[in-house]
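A.B. asks: So I've got this file, query.cif, and it contains mmCIF, C-alpha atoms:
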```cif
data_query
loop_
_atom_site.label_atom_id
_atom_site.label_comp_id
_atom_site.auth_asym_id
_atom_site.auth_seq_id
_atom_site.Cartn_x
_atom_site.Cartn_y
_atom_site.Cartn_z
CA MET X 1 69.82 32.61 24.72
CA LYS X 2 70.25 35.45 22.29
CA ASP X 3 68.20 33.70 19.58
CA PHE X 4 65.41 32.49 21.90
CA ASP X 5 62.00 33.92 20.97
CA TRP X 6 60.49 35.34 24.15
CA THR X 7 57.47 36.77 22.32
CA ARG X 8 55.69 33.56 21.27
CA PHE X 9 55.57 29.80 21.56
CA THR X 10 53.70 26.88 20.05
CA VAL X 11 52.77 23.55 21.64
CA LYS X 12 51.14 20.64 19.83
CA ILE X 13 49.47 17.41 20.80
CA ALA X 14 47.69 14.64 18.89
CA VAL X 15 44.38 13.58 20.43
CA LYS X 16 42.56 10.43 19.35
CA ALA X 17 39.16 12.09 19.11
CA ASP X 18 37.16 13.61 16.30
CA GLN X 19 37.68 17.27 15.49
CA ARG X 20 34.16 18.30 16.60
CA THR X 21 34.69 16.83 20.09
CA VAL X 22 38.05 18.58 20.48
CA TYR X 23 36.67 21.89 19.23
CA ASP X 24 33.67 21.69 21.56
CA ALA X 25 36.01 21.02 24.52
CA TRP X 26 37.23 24.63 24.23
CA THR X 27 34.03 26.52 23.54
CA SER X 28 31.51 26.01 26.34
CA SER X 29 31.88 26.38 30.08
CA ALA X 30 30.63 22.84 30.79
CA ALA X 31 33.14 21.30 28.36
CA ILE X 32 36.18 23.38 29.26
CA GLU X 33 35.65 22.67 32.98
CA ARG X 34 36.03 18.94 32.28
CA TRP X 35 39.76 19.26 31.53
CA PHE X 36 41.05 22.82 32.07
CA LEU X 37 39.21 24.99 34.59
CA SER X 38 37.49 24.72 37.94
CA LYS X 39 35.02 27.42 36.86
CA ALA X 40 34.38 29.04 33.50
CA VAL X 41 31.92 31.82 32.77
CA PHE X 42 31.39 32.92 29.20
CA ARG X 43 29.36 36.06 28.48
CA ASN X 44 27.91 37.23 25.20
CA ASP X 45 28.68 40.67 23.75
CA ALA X 46 25.75 42.13 25.74
CA GLY X 47 27.27 40.87 29.01
CA ALA X 48 24.76 38.08 29.69
CA ASP X 49 26.10 34.73 30.93
CA LEU X 50 25.93 31.94 28.37
CA ALA X 51 24.32 28.65 29.39
CA PRO X 52 26.91 26.02 30.42
CA THR X 53 26.54 24.10 27.15
CA GLU X 54 26.20 27.13 24.86
CA GLY X 55 29.13 27.67 22.50
CA VAL X 56 31.01 30.95 22.38
CA GLY X 57 31.61 33.22 19.44
CA PRO X 58 33.66 36.31 18.63
CA GLY X 59 32.86 39.20 20.94
CA CYS X 60 32.18 36.99 23.95
CA THR X 61 34.23 37.45 27.11
CA TYR X 62 35.29 34.98 29.76
CA ALA X 63 36.20 34.71 33.43
CA TRP X 64 38.23 31.59 34.23
CA ASN X 65 39.40 30.00 37.50
CA TRP X 66 41.65 27.01 38.19
CA TYR X 67 42.00 24.55 41.03
CA GLY X 68 44.76 25.59 43.41
CA PHE X 69 44.94 29.22 42.31
CA ASP X 70 43.09 32.18 43.79
CA VAL X 71 43.05 34.17 40.56
CA THR X 72 40.49 34.94 37.89
CA GLU X 73 41.72 35.30 34.33
CA GLN X 74 39.55 37.51 32.16
CA GLY X 75 39.72 37.90 28.43
CA ARG X 76 37.95 38.11 25.10
CA ILE X 77 37.08 35.58 22.44
CA LEU X 78 38.70 36.81 19.23
CA GLY X 79 37.49 34.09 16.90
CA ALA X 80 35.52 30.86 16.91
CA ASN X 81 34.67 29.36 13.54
CA GLY X 82 32.75 26.35 14.82
CA LYS X 83 35.10 23.71 13.50
CA ASP X 84 38.88 24.14 13.64
CA LEU X 85 39.93 27.57 14.93
CA PHE X 86 39.46 29.17 18.34
CA ARG X 87 41.22 32.43 19.31
CA PHE X 88 41.18 34.36 22.60
CA THR X 89 43.25 36.75 24.68
CA PHE X 90 45.14 35.34 27.65
CA ALA X 91 47.61 36.61 30.24
CA GLY X 92 46.54 40.16 29.57
CA ALA X 93 46.32 40.92 25.88
CA CYS X 94 48.34 38.01 24.46
CA PRO X 95 46.45 36.29 21.65
CA VAL X 96 46.16 32.51 21.85
CA GLU X 97 45.25 30.57 18.74
CA VAL X 98 44.05 26.97 18.91
CA ARG X 99 44.07 25.35 15.48
CA LEU X 100 42.81 21.82 14.86
CA THR X 101 43.88 19.59 11.99
CA LYS X 102 42.99 16.03 11.14
CA GLU X 103 45.99 13.71 10.82
CA HIS X 104 45.47 9.98 10.42
CA ASP X 105 42.86 9.06 13.04
CA HIS X 106 43.76 11.93 15.39
CA THR X 107 43.02 15.61 15.80
CA VAL X 108 46.21 17.60 16.20
CA VAL X 109 45.83 20.58 18.51
CA THR X 110 48.31 23.37 17.77
CA LEU X 111 48.25 26.16 20.36
CA THR X 112 50.23 29.35 19.77
CA GLN X 113 50.47 32.17 22.29
CA SER X 114 51.98 35.36 20.89
CA GLU X 115 52.66 39.03 21.47
CA ILE X 116 54.25 38.28 24.83
CA PRO X 117 55.90 41.39 26.29
CA GLU X 118 59.68 41.16 26.66
CA ASP X 119 60.08 42.51 30.20
CA ASP X 120 61.58 40.06 32.71
CA ALA X 121 58.29 39.44 34.57
CA SER X 122 56.50 38.57 31.31
CA LYS X 123 59.35 36.35 30.17
CA ARG X 124 59.09 34.41 33.42
CA SER X 125 55.34 34.27 34.05
CA ILE X 126 53.93 34.33 30.52
CA ARG X 127 56.55 32.88 28.18
CA LEU X 128 57.87 30.21 30.52
CA GLY X 129 54.90 29.84 32.89
CA CYS X 130 52.19 29.69 30.25
CA HIS X 131 54.25 27.28 28.14
CA THR X 132 54.45 24.91 31.10
CA GLY X 133 50.77 25.37 31.90
CA TRP X 134 49.54 24.84 28.34
CA SER X 135 51.76 21.77 27.97
CA PHE X 136 50.16 20.18 31.03
CA PHE X 137 46.60 21.15 30.15
CA LEU X 138 46.89 19.89 26.57
CA LEU X 139 48.09 16.59 28.00
CA ASN X 140 45.07 16.62 30.32
CA LEU X 141 42.77 17.37 27.38
CA LYS X 142 44.17 14.29 25.64
CA SER X 143 43.78 12.18 28.76
CA VAL X 144 40.19 13.25 29.42
CA LEU X 145 39.05 12.86 25.81
CA GLU X 146 40.82 9.56 25.18
CA GLY X 147 40.08 7.76 28.41
CA GLY X 148 38.35 9.94 30.93
CA LEU X 149 41.19 10.31 33.46
CA ASP X 150 41.47 13.89 34.75
CA LEU X 151 45.08 14.53 35.80
CA ARG X 152 44.43 17.84 37.60
CA ASN X 153 45.11 18.23 41.29
CA LYS X 154 41.83 19.25 42.96
CA ASN X 155 43.09 18.85 46.53
CA ALA X 156 43.66 22.32 48.03
CA ALA X 157 46.17 20.85 50.50
CA PHE X 158 48.70 20.63 47.64
CA THR X 159 50.06 23.87 46.23
CA GLY X 160 52.82 24.59 43.76
CA VAL X 161 52.41 21.24 41.99
CA VAL X 162 52.64 20.89 38.23
CA ASN X 163 49.06 19.60 37.90
CA ALA X 164 47.31 22.50 39.59
#
```
What's the structure tokens form of this structure?
C.D. replies:
Amino acid sequence: MKDFDWTRFTVKIAVKADQRTVYDAWTSSAAIERWFLSKAVFRNDAGADLAPTEGVGPGCTYAWNWYGFDVTEQGRILGANGKDLFRFTFAGACPVEVRLTKEHDHTVVTLTQSEIPEDDASKRSIRLGCHTGWSFFLLNLKSVLEGGLDLRNKNAAFTGVVNA
């Protein structure tokens, strides 16, 4: 595994939905809770909570929670252009870029997480763990936007499952 890049990864998925719908799914607490999070709080640069349907912009911060995990992820919004690019920090200071492109009658979501530290814990939890997590949640984004079926496990009796 000498040539394996532990510092970044990219995952892609084609979603049969218009670009505006896919972009909006990332940028408000109400929308991102439909497919990704159990609870999302976005705050503006003054520290005030945004309304659930209010879109985020650069300088905003977030606090995110998931079903099945007793952890709150906090980070910053690095960029949000309102149409095809959303950037934020994740897993500490790692930048995540979500880029949207129109291909045929789909919106292709390309997610890249980078600047992953190369210590063993980061290789395991960020490089491998986040790759697995983002792969599942992008699939869930597709499922929710294309047909409405939410694939997440919301039953607290199940732990350690891939859809938590």
A.B. asks: Take CA of Lys83 in chain X and CA of Ala31 in chain X and report the distance between them in Å, one decimal.
C.D. replies: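 One can read the CA of Lys83 in chain X to CA of Ala31 in chain X distance as 15.2 Å.
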A.B. asks: I'd like the interatomic distance between CA of Phe136 in chain X and CA of Asn163 in chain X, to a tenth of an Å.
C.D. replies: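 About the pair CA of Phe136 in chain X and CA of Asn163 in chain X: they are 7.0 Å apart.
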A.B. asks: Please evaluate the PyMOL selection byres ((chain X and resi 81) around 12) against the structure above and give the resulting residues as a list in words.
C.D. replies: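 With the shown file as input, the PyMOL selection byres ((chain X and resi 81) around 12) matches Arg20, Tyr23, Asp24, Trp26, Thr27, Gly55, Val56, Gly57, Pro58, Ile77, Leu78, Gly79, Ala80, Gly82, Lys83, Asp84, Leu85, Phe86, Arg87, Glu97, Val98, Arg99 and Leu100 of chain X.
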A.B. asks: Using Å and a single decimal, report how far CA of Val96 in chain X sits from CA of Lys39 in chain X.
C.D. replies: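 Separation between CA of Lys39 in chain X and CA of Val96 in chain X: 19.4 Å.
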A.B. asks: Extract, using all atoms listed in the file, all DNA, RNA and protein residues at most 9 Å from Thr10 in chain X, discarding same-chain residues fewer than 2 positions from it, and format them as a list in words.
C.D. replies: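 With the cut-off at 9 Å, the set is Arg8, Lys12, Thr110, Leu111, Thr112, Gln113, Ser114 and His131 of chain X.
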A.B. asks: Can you work out which one of X:Cys94, X:Ile116, X:Arg127, X:Lys102 has the shortest atom-to-atom distance to Asp18 in chain X, counting all atoms listed in the file?
C.D. replies: X:Lys102
A.B. asks: Using all atoms listed in the file, can you tell me which of X:Leu139, X:Phe36, X:Val41, X:Trp64 comes closest to Val108 in chain X?
C.D. replies: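 Nearest candidate to Val108 in chain X out of X:Leu139, X:Phe36, X:Val41, X:Trp64: X:Leu139.
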A.B. asks: Considering only C-alpha atoms, return as a compact mmCIF listing (two decimals) with C-alpha atoms, keeping the file's coordinate frame whatever protein or nucleic-acid residues lie within 12 Å of Gly68 in chain X, sequence-local ones (same chain, fewer than 2 positions apart) excluded.
C.D. replies:
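This went into out-v1.txt:
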```
# COMPACT_ATOMS: atom_id res chain seq x y z
CA LEU X 37 39.21 24.99 34.59
CA SER X 38 37.49 24.72 37.94
CA LYS X 39 35.02 27.42 36.86
CA ASN X 65 39.40 30.00 37.50
CA TRP X 66 41.65 27.01 38.19
CA ASP X 70 43.09 32.18 43.79
CA VAL X 71 43.05 34.17 40.56
CA THR X 72 40.49 34.94 37.89
CA ARG X 152 44.43 17.84 37.60
CA ASN X 153 45.11 18.23 41.29
CA LYS X 154 41.83 19.25 42.96
CA ASN X 155 43.09 18.85 46.53
CA ALA X 156 43.66 22.32 48.03
CA ALA X 157 46.17 20.85 50.50
CA PHE X 158 48.70 20.63 47.64
CA THR X 159 50.06 23.87 46.23
CA GLY X 160 52.82 24.59 43.76
CA VAL X 161 52.41 21.24 41.99
CA VAL X 162 52.64 20.89 38.23
CA ASN X 163 49.06 19.60 37.90
CA ALA X 164 47.31 22.50 39.59
```
A.B. asks: On this structure, which residues satisfy the PyMOL selection byres ((chain X and resi 126) around 10), written as an MDAnalysis selection string?
C.D. replies: chainID X and resid 6:8 90:92 94 113:114 116:118 120:125 127:133
A.B. asks: Where does the PyMOL selection byres ((chain X and resi 150) around 8) land in this file, that is, which residues does it pick, as a list of chain:residue names?
C.D. replies: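 Evaluating the PyMOL selection byres ((chain X and resi 150) around 8) on these coordinates yields X:Arg34, X:Trp35, X:Asn140, X:Ser143, X:Val144, X:Gly148, X:Leu149, X:Leu151, X:Arg152.
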A.B. asks: I want to know what sits within 9 Å of Arg76 in chain X, based on all atoms listed in the file, with residues of the same chain fewer than 3 positions away left out; could you give that as a PyMOL selection string?
C.D. replies: chain X and resi 58-62+87-90+93
A.B. asks: Can you tell me, as JSON, numbers by chain, what residues are no more than 8 Å from Ala17 in chain X when counting only C-alpha atoms, ignoring any on the same chain fewer than 5 positions away?
C.D. replies: {"X": [22, 105, 106, 107, 145, 146]}
A.B. asks: Please determine, counting only C-alpha atoms, which residue among X:Thr21, X:Glu73, X:Pro95, X:Tyr67 has the shortest atom-to-atom distance to Glu33 in chain X.
C.D. replies: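 Among the listed residues, the smallest separation from Glu33 in chain X belongs to X:Tyr67.
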